[in-house]
Amino acid sequence: VQLQAFGGGLVQAGGSVRLSCAASGRTYSVYAMGWFRRAPGEERQFVAAISWGGGTTYYADSVKGRFTISRDKAKNTVYLEMNSLKPEDTAAYYCATIYHRFYSESYYYTADEYDYWGQGTEVTVSS
């Protein structure tokens with residue numbers, strides 16, 4: 001499985017950016033897709049996730065109300081619409097997918113449960 005992320009860049013505070021991540025390969029076994037981020041000198045942090053079948057969404061408290069995750073099952077693509085951006089949103093953003101069945105919502109938030117990762121795409125928010 002390969003994941004390819006697009007859409008990062010430089011944006012002013014208060015602006016918007018849309019990230020996309022396309023999956024290719026054995027996409028028939030996707031159970032969830034998510035976005036994580038890592039700011040310089042910090043740990044990787046959960047941002048948002050979506051169940052592939054039902055489309056249920058999950059967000060970190062820091063992005064609720066500002067970010068929206070969505071998916072297009074026909075295109076095997078997940079999106080992250082990022083609005084009202086703040087300088088603290090500056091980070092490398094990574095998409096990832098869970099390829100195994102799971103039974104706890106906690107899995108969505110846990111990076112170690114994700115099986116495949118894309119390359120990061122940088123988002124820089126200037127003040």
# chains A, B, ... in the order shown; residues from 1 in each chain; ligands from 1
>>> select_by_dssp(residues="chain A", states="strand (DSSP E)", output="JSON, numbers by chain")
{"A": [2, 3, 4, 5, 6, 9, 10, 11, 12, 17, 18, 19, 20, 21, 22, 23, 24, 32, 33, 34, 35, 36, 37, 38, 45, 46, 47, 48, 49, 50, 51, 57, 58, 59, 67, 68, 69, 70, 71, 72, 77, 78, 79, 80, 81, 82, 91, 92, 93, 94, 95, 96, 97, 98, 116, 117, 121, 122, 123, 124, 125, 126]}
>>> residues_around(residues="range 114-118 of chain A", least_positions_apart="4", cutoff="9 Å", atoms="only C-alpha atoms", output="list in words")
Val1, Gln2, Leu3, Gln4, Ala5, Cys21, Ala23, Ala32, Met33, Gly34, Tyr94, Cys95, Ala96, Thr97, Ile98, Tyr99, His100, Tyr107, Tyr108 and Thr110 of chain A
>>> closest_atom_pairs(of="range 6-55 of chain A", to="range 75-86 of chain A", cutoff="8 Å", atoms="only C-alpha atoms", output="tab-separated table")
residue	atom	partner	partner_atom	distance
A:Gln12	CA	A:Leu85	CA	7.6
A:Ala13	CA	A:Lys86	CA	5.0
A:Gly14	CA	A:Ser84	CA	4.2
A:Gly15	CA	A:Ser84	CA	5.5
A:Ser16	CA	A:Asn83	CA	4.4
A:Val17	CA	A:Met82	CA	5.2
A:Arg18	CA	A:Glu81	CA	4.5
A:Leu19	CA	A:Leu80	CA	5.0
A:Ser20	CA	A:Tyr79	CA	4.4
A:Cys21	CA	A:Val78	CA	5.3
A:Ala22	CA	A:Thr77	CA	4.3
A:Ala23	CA	A:Asn76	CA	5.4
A:Ser24	CA	A:Asn76	CA	7.3
A:Thr27	CA	A:Asn76	CA	7.0
A:Met33	CA	A:Val78	CA	7.1
A:Trp35	CA	A:Leu80	CA	7.8
>>> write_last_selection(atoms="N, CA and C atoms", output="short mmCIF file (atom, residue, chain, number, x, y, z; two decimals), in the first residue's frame")
data_model
loop_
_atom_site.label_atom_id
_atom_site.label_comp_id
_atom_site.auth_asym_id
_atom_site.auth_seq_id
_atom_site.Cartn_x
_atom_site.Cartn_y
_atom_site.Cartn_z
N GLN A 12 -0.96 32.28 5.71
CA GLN A 12 -1.03 33.23 6.82
C GLN A 12 -2.00 32.75 7.88
N ALA A 13 -1.79 33.19 9.09
CA ALA A 13 -2.72 32.87 10.18
C ALA A 13 -4.13 33.30 9.79
N GLY A 14 -5.08 32.43 10.10
CA GLY A 14 -6.46 32.69 9.72
C GLY A 14 -6.84 32.13 8.37
N GLY A 15 -5.85 31.69 7.63
CA GLY A 15 -6.10 31.16 6.30
C GLY A 15 -6.47 29.69 6.31
N SER A 16 -6.56 29.12 5.11
CA SER A 16 -7.01 27.75 4.94
C SER A 16 -6.08 26.98 4.02
N VAL A 17 -6.01 25.69 4.26
CA VAL A 17 -5.25 24.77 3.43
C VAL A 17 -6.03 23.47 3.36
N ARG A 18 -6.00 22.82 2.21
CA ARG A 18 -6.62 21.51 2.06
C ARG A 18 -5.57 20.49 1.70
N LEU A 19 -5.44 19.49 2.54
CA LEU A 19 -4.53 18.38 2.27
C LEU A 19 -5.31 17.21 1.69
N SER A 20 -4.66 16.46 0.84
CA SER A 20 -5.26 15.24 0.32
C SER A 20 -4.24 14.12 0.39
N CYS A 21 -4.75 12.91 0.47
CA CYS A 21 -3.89 11.74 0.57
C CYS A 21 -4.54 10.60 -0.20
N ALA A 22 -3.88 10.15 -1.23
CA ALA A 22 -4.41 9.08 -2.08
C ALA A 22 -3.73 7.77 -1.75
N ALA A 23 -4.52 6.73 -1.59
CA ALA A 23 -4.01 5.40 -1.33
C ALA A 23 -4.04 4.57 -2.60
N SER A 24 -3.01 3.78 -2.79
CA SER A 24 -2.97 2.87 -3.94
C SER A 24 -2.46 1.52 -3.47
N THR A 27 -6.14 -1.45 -1.53
CA THR A 27 -7.04 -0.52 -0.85
C THR A 27 -8.33 -1.16 -0.40
N MET A 33 -8.66 5.84 8.00
CA MET A 33 -7.53 6.68 7.59
C MET A 33 -7.45 7.86 8.53
N TRP A 35 -4.93 11.47 9.99
CA TRP A 35 -3.87 12.47 9.83
C TRP A 35 -3.20 12.70 11.18
#
>>> atom_distance(atom1="CA of Glu113 in chain A", atom2="CA of Ser70 in chain A")
19.9 Å
>>> atom_distance(atom1="CA of Ser104 in chain A", atom2="CA of Ser51 in chain A")
11.8 Å
>>> closest_residue(among="A:Ala92, A:Ala60, A:Val11, A:Ala74", to="Ala48 in chain A", atoms="only C-alpha atoms")
A:Ala60
>>> closest_residue(among="A:Gln45, A:Thr90, A:Thr56, A:Thr121", to="Thr68 in chain A", atoms="only C-alpha atoms")
A:Thr56
>>> select_by_dssp(residues="chain A", states="helix (DSSP H, G or I)", output="ChimeraX atom specification")
/A:27-29,73-75,87-89,106-109,111-113
>>> write_last_selection(atoms="N, CA, C and O atoms", output="PDB file, in the first residue's frame")
ATOM      1  N   THR A  27      -6.144  -1.454  -1.529  1.00  0.00           N
ATOM      2  CA  THR A  27      -7.035  -0.519  -0.851  1.00  0.00           C
ATOM      3  C   THR A  27      -8.333  -1.155  -0.401  1.00  0.00           C
ATOM      4  O   THR A  27      -9.097  -0.538   0.333  1.00  0.00           O
ATOM      5  N   TYR A  28      -8.596  -2.408  -0.770  1.00  0.00           N
ATOM      6  CA  TYR A  28      -9.860  -3.034  -0.389  1.00  0.00           C
ATOM      7  C   TYR A  28      -9.919  -3.373   1.081  1.00  0.00           C
ATOM      8  O   TYR A  28     -10.965  -3.715   1.608  1.00  0.00           O
ATOM      9  N   SER A  29      -8.800  -3.286   1.790  1.00  0.00           N
ATOM     10  CA  SER A  29      -8.777  -3.650   3.197  1.00  0.00           C
ATOM     11  C   SER A  29      -8.631  -2.459   4.129  1.00  0.00           C
ATOM     12  O   SER A  29      -8.251  -2.615   5.272  1.00  0.00           O
ATOM     13  N   LYS A  73     -14.394   7.401  -1.193  1.00  0.00           N
ATOM     14  CA  LYS A  73     -14.079   5.978  -1.277  1.00  0.00           C
ATOM     15  C   LYS A  73     -13.777   5.552  -2.708  1.00  0.00           C
ATOM     16  O   LYS A  73     -12.934   4.696  -2.951  1.00  0.00           O
ATOM     17  N   ALA A  74     -14.438   6.169  -3.655  1.00  0.00           N
ATOM     18  CA  ALA A  74     -14.204   5.808  -5.066  1.00  0.00           C
ATOM     19  C   ALA A  74     -12.787   6.150  -5.502  1.00  0.00           C
ATOM     20  O   ALA A  74     -12.202   5.469  -6.350  1.00  0.00           O
ATOM     21  N   LYS A  75     -12.233   7.200  -4.911  1.00  0.00           N
ATOM     22  CA  LYS A  75     -10.881   7.628  -5.272  1.00  0.00           C
ATOM     23  C   LYS A  75      -9.835   7.158  -4.270  1.00  0.00           C
ATOM     24  O   LYS A  75      -8.662   7.470  -4.417  1.00  0.00           O
ATOM     25  N   PRO A  87      -0.456  29.756  13.972  1.00  0.00           N
ATOM     26  CA  PRO A  87       0.972  29.411  13.883  1.00  0.00           C
ATOM     27  C   PRO A  87       1.299  28.079  14.542  1.00  0.00           C
ATOM     28  O   PRO A  87       2.198  27.365  14.070  1.00  0.00           O
ATOM     29  N   GLU A  88       0.581  27.720  15.592  1.00  0.00           N
ATOM     30  CA  GLU A  88       0.852  26.447  16.275  1.00  0.00           C
ATOM     31  C   GLU A  88       0.407  25.238  15.465  1.00  0.00           C
ATOM     32  O   GLU A  88       0.672  24.096  15.874  1.00  0.00           O
ATOM     33  N   ASP A  89      -0.258  25.454  14.344  1.00  0.00           N
ATOM     34  CA  ASP A  89      -0.593  24.344  13.445  1.00  0.00           C
ATOM     35  C   ASP A  89       0.572  24.007  12.509  1.00  0.00           C
ATOM     36  O   ASP A  89       0.498  23.031  11.754  1.00  0.00           O
ATOM     37  N   SER A 106     -10.348   3.921  20.487  1.00  0.00           N
ATOM     38  CA  SER A 106      -9.031   4.426  20.846  1.00  0.00           C
ATOM     39  C   SER A 106      -8.007   4.188  19.743  1.00  0.00           C
ATOM     40  O   SER A 106      -7.024   4.915  19.628  1.00  0.00           O
ATOM     41  N   TYR A 107      -8.273   3.191  18.908  1.00  0.00           N
ATOM     42  CA  TYR A 107      -7.334   2.896  17.833  1.00  0.00           C
ATOM     43  C   TYR A 107      -7.200   4.070  16.868  1.00  0.00           C
ATOM     44  O   TYR A 107      -6.137   4.295  16.312  1.00  0.00           O
ATOM     45  N   TYR A 108      -8.269   4.810  16.655  1.00  0.00           N
ATOM     46  CA  TYR A 108      -8.203   5.927  15.725  1.00  0.00           C
ATOM     47  C   TYR A 108      -7.155   6.943  16.156  1.00  0.00           C
ATOM     48  O   TYR A 108      -6.536   7.607  15.338  1.00  0.00           O
ATOM     49  N   TYR A 109      -6.984   7.093  17.464  1.00  0.00           N
ATOM     50  CA  TYR A 109      -6.127   8.132  18.021  1.00  0.00           C
ATOM     51  C   TYR A 109      -4.680   7.677  18.213  1.00  0.00           C
ATOM     52  O   TYR A 109      -3.829   8.491  18.573  1.00  0.00           O
ATOM     53  N   ALA A 111      -1.167   6.255  17.016  1.00  0.00           N
ATOM     54  CA  ALA A 111      -0.319   6.149  15.833  1.00  0.00           C
ATOM     55  C   ALA A 111       0.177   4.720  15.615  1.00  0.00           C
ATOM     56  O   ALA A 111       0.293   4.265  14.465  1.00  0.00           O
ATOM     57  N   ASP A 112       0.471   4.003  16.681  1.00  0.00           N
ATOM     58  CA  ASP A 112       1.023   2.653  16.543  1.00  0.00           C
ATOM     59  C   ASP A 112       0.033   1.668  15.916  1.00  0.00           C
ATOM     60  O   ASP A 112       0.444   0.598  15.465  1.00  0.00           O
ATOM     61  N   GLU A 113      -1.251   2.017  15.896  1.00  0.00           N
ATOM     62  CA  GLU A 113      -2.243   1.118  15.300  1.00  0.00           C
ATOM     63  C   GLU A 113      -2.336   1.273  13.786  1.00  0.00           C
ATOM     64  O   GLU A 113      -2.976   0.461  13.123  1.00  0.00           O
TER      65      GLU A 113
END
>>> closest_residue(among="A:Leu10, A:Val125, A:Val47, A:Ala39", to="Asp61 in chain A", atoms="only C-alpha atoms")
A:Val47
>>> closest_residue(among="A:Thr124, A:Ile69, A:Tyr93, A:Gly25", to="Ala49 in chain A", atoms="only C-alpha atoms")
A:Ile69
>>> closest_residue(among="A:Gly41, A:Gly9, A:Phe36, A:Gln119", to="Tyr59 in chain A", atoms="only C-alpha atoms")
A:Phe36
>>> closest_residue(among="A:Glu122, A:Asp72, A:Glu42, A:Glu105", to="Gly7 in chain A", atoms="only C-alpha atoms")
A:Glu122
>>> decode(residues="range 85-99 of chain A", atoms="N, CA and C atoms", output="mmCIF file, in the first residue's frame")
data_model
loop_
_atom_site.group_PDB
_atom_site.id
_atom_site.type_symbol
_atom_site.label_atom_id
_atom_site.label_comp_id
_atom_site.auth_asym_id
_atom_site.auth_seq_id
_atom_site.Cartn_x
_atom_site.Cartn_y
_atom_site.Cartn_z
ATOM 1 N N LEU A 85 -6.387 28.744 10.464
ATOM 2 C CA LEU A 85 -5.083 28.211 10.847
ATOM 3 C C LEU A 85 -4.355 29.142 11.800
ATOM 4 N N LYS A 86 -3.607 28.536 12.695
ATOM 5 C CA LYS A 86 -2.829 29.260 13.693
ATOM 6 C C LYS A 86 -1.357 28.896 13.529
ATOM 7 N N PRO A 87 -0.456 29.756 13.972
ATOM 8 C CA PRO A 87 0.972 29.411 13.883
ATOM 9 C C PRO A 87 1.299 28.079 14.542
ATOM 10 N N GLU A 88 0.581 27.720 15.592
ATOM 11 C CA GLU A 88 0.852 26.447 16.275
ATOM 12 C C GLU A 88 0.407 25.238 15.465
ATOM 13 N N ASP A 89 -0.258 25.454 14.344
ATOM 14 C CA ASP A 89 -0.593 24.344 13.445
ATOM 15 C C ASP A 89 0.572 24.007 12.509
ATOM 16 N N THR A 90 1.619 24.801 12.549
ATOM 17 C CA THR A 90 2.782 24.543 11.715
ATOM 18 C C THR A 90 3.394 23.191 12.065
ATOM 19 N N ALA A 91 3.525 22.338 11.051
ATOM 20 C CA ALA A 91 4.029 20.985 11.275
ATOM 21 C C ALA A 91 4.131 20.262 9.944
ATOM 22 N N ALA A 92 4.768 19.098 9.991
ATOM 23 C CA ALA A 92 4.675 18.156 8.890
ATOM 24 C C ALA A 92 3.458 17.284 9.155
ATOM 25 N N TYR A 93 2.592 17.177 8.174
ATOM 26 C CA TYR A 93 1.354 16.413 8.311
ATOM 27 C C TYR A 93 1.499 15.096 7.562
ATOM 28 N N TYR A 94 1.110 14.017 8.234
ATOM 29 C CA TYR A 94 1.245 12.663 7.692
ATOM 30 C C TYR A 94 -0.127 11.997 7.633
ATOM 31 N N CYS A 95 -0.413 11.358 6.515
ATOM 32 C CA CYS A 95 -1.613 10.529 6.458
ATOM 33 C C CYS A 95 -1.209 9.077 6.720
ATOM 34 N N ALA A 96 -2.161 8.322 7.218
ATOM 35 C CA ALA A 96 -1.900 6.928 7.557
ATOM 36 C C ALA A 96 -3.193 6.143 7.448
ATOM 37 N N THR A 97 -3.048 4.829 7.348
ATOM 38 C CA THR A 97 -4.225 3.991 7.216
ATOM 39 C C THR A 97 -4.123 2.752 8.095
ATOM 40 N N ILE A 98 -5.279 2.330 8.583
ATOM 41 C CA ILE A 98 -5.374 1.103 9.373
ATOM 42 C C ILE A 98 -5.934 0.026 8.464
ATOM 43 N N TYR A 99 -5.229 -1.094 8.394
ATOM 44 C CA TYR A 99 -5.594 -2.168 7.501
ATOM 45 C C TYR A 99 -6.088 -3.409 8.224
#
